[in-house]
Each structure stands twice: as C-alpha cells, then as structure tokens.
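Take a look at the structure set out below.
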Amino acid sequence: MDNSAATPMPSQVKKSLTRRERSERKKRAVKASQVAEQKAKCEQSQSSKTSSNAFADKKNIMWVVLSGAMALTFIVMLFLPDTGMGGGLISTYSAMLWCGFFGAALFRYRAASGWAGFAYGSVIGLVIQFVSQFI
C-alpha cells in the first residue's frame with residue numbers, strides 16, 4: 001500500500017500555490033496601476049496650477065496688489081493738475097473701473113462675492129472722482 005490517499009499529489013499543491021500567487025500578482029498590479037494613475041493626476045494638477053490656474057485662484061494676492069496699484073495711479077492722477085484726468089467722462093469711467101477691479105479682487109481674496117466688491121469699489125471710485133473736482 002502506498003500512501004497516495006493520505007498525501008496530496010504534488011500537482012494539486014502546485015496548482016493551489018500558483019492560483020494564490022496569481023491572485024497576489026493581480027492585486028499588486030492593480031495597486032501599482034492605481035498608484036501610477038494617482039501620480040499622473042497629481043503631476044497634471046500641479047502643472048496646470050502653475051500655468052493656467054492663476055486667474056481662478058481666489059487667494060492669489062498678486063491680483064489685489066496689481067489692481068490696487070492701478071486704482072491708486074488713476075486716483076492720484078485725478079488730484080494732480082495738468083495730467084489730463086481731472087475733468088471729463090473718461091476720468092469718471094477709469095476711476096470707477098479700476099476701483100471696481102480693486103474691490104472685486106479684494107473681496108474675492110477675502111472669500112466674498114466679487115460682484116459686490118466691484119460694485120462697492122465703483123461707487124468709491126465715483127465718489128473720489130466727484131471729490132477731485134471740488135479740490
């Protein structure tokens with residue numbers, strides 16, 4: 001009597017190990033592909049943030065500084081004599097426009113409505129233009 005009934009055949013043991021190994025290899029391959037996809041998405045989002053997301057970034061202080069500098073330039077020109085900005089409809093539009101841009105950028109930076117900031121800034125620009133006519 002040989003002990004073939006008590007011990008499993010070597011081919012059966014080898015098959016169960018290969019099935020387990022194959023399933024582990026599949027799991028590792030799926031995990032590696034998911035990690036590669038996540039890395040690719042992360043790299044794409046980082047490259048798009050640096051190139052085209054500057055306009056959509058509400059916390060970018062550069063827009064507040066630039067629009068504030070332009071608003072200040074036009075406001076100073078309203079009060080200086082012989083700059084060509086003292087009296088006229090263009091001076092009113094420019095003061096309202098640049099103060100509105102500054103208000104919108106400032107409100108967006110503070111996580112508020114940009115349209116409300118533009119409206120408040122435009123009103124302030126109009127008032128400053130009227131004051132410059134009296135001074």
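Quick note on naming: the chains in the structure tokens go A, B, ... in the order shown, residues restart at 1 in each chain, and ligands are numbered from 1 in order of appearance.
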
I want to know what sits within 12 Å of Thr73 of chain A, based on only C-alpha atoms, with residues of the same chain fewer than 2 positions away left out; could you give that as a list in words?
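Here the answer would be Leu66, Ser67, Gly68, Ala69, Met70, Ala71, Ile75, Val76, Met77, Leu78, Phe79, Leu80, Thr83, Met85, Ser91, Ser94, Ala95, Trp98, Cys99 and Phe102 of chain A.
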
Set the distance at 9 Å and use only C-alpha atoms: which residues neighbour Tyr109 of chain A once local chain neighbours fewer than 4 positions away are removed? I'd like the list as a list in words. Asp57, Lys58, Lys59, Asn60, Ile61, Trp63, Val64, Ala104, Ala105 and Gly114 of chain A

**OP:** Could you give me the residues within segment 74-125 of chain A that DSSP places in alpha helix (DSSP H), as a PyMOL selection string?
**Re:** chain A and resi 74-79+89-109+114-125

One decimal place gives the atom CA of Val65 of chain A-atom CA of Arg110 of chain A separation as 13.6 Å

Spatial neighbours of Phe130 of chain A, max dist 12 Å, only C-alpha atoms, sep filter under 2 positions, as an NGL selection string:
:A and (75 or 78-79 or 86-89 or 91-93 or 95-96 or 123-128 or 132-135)
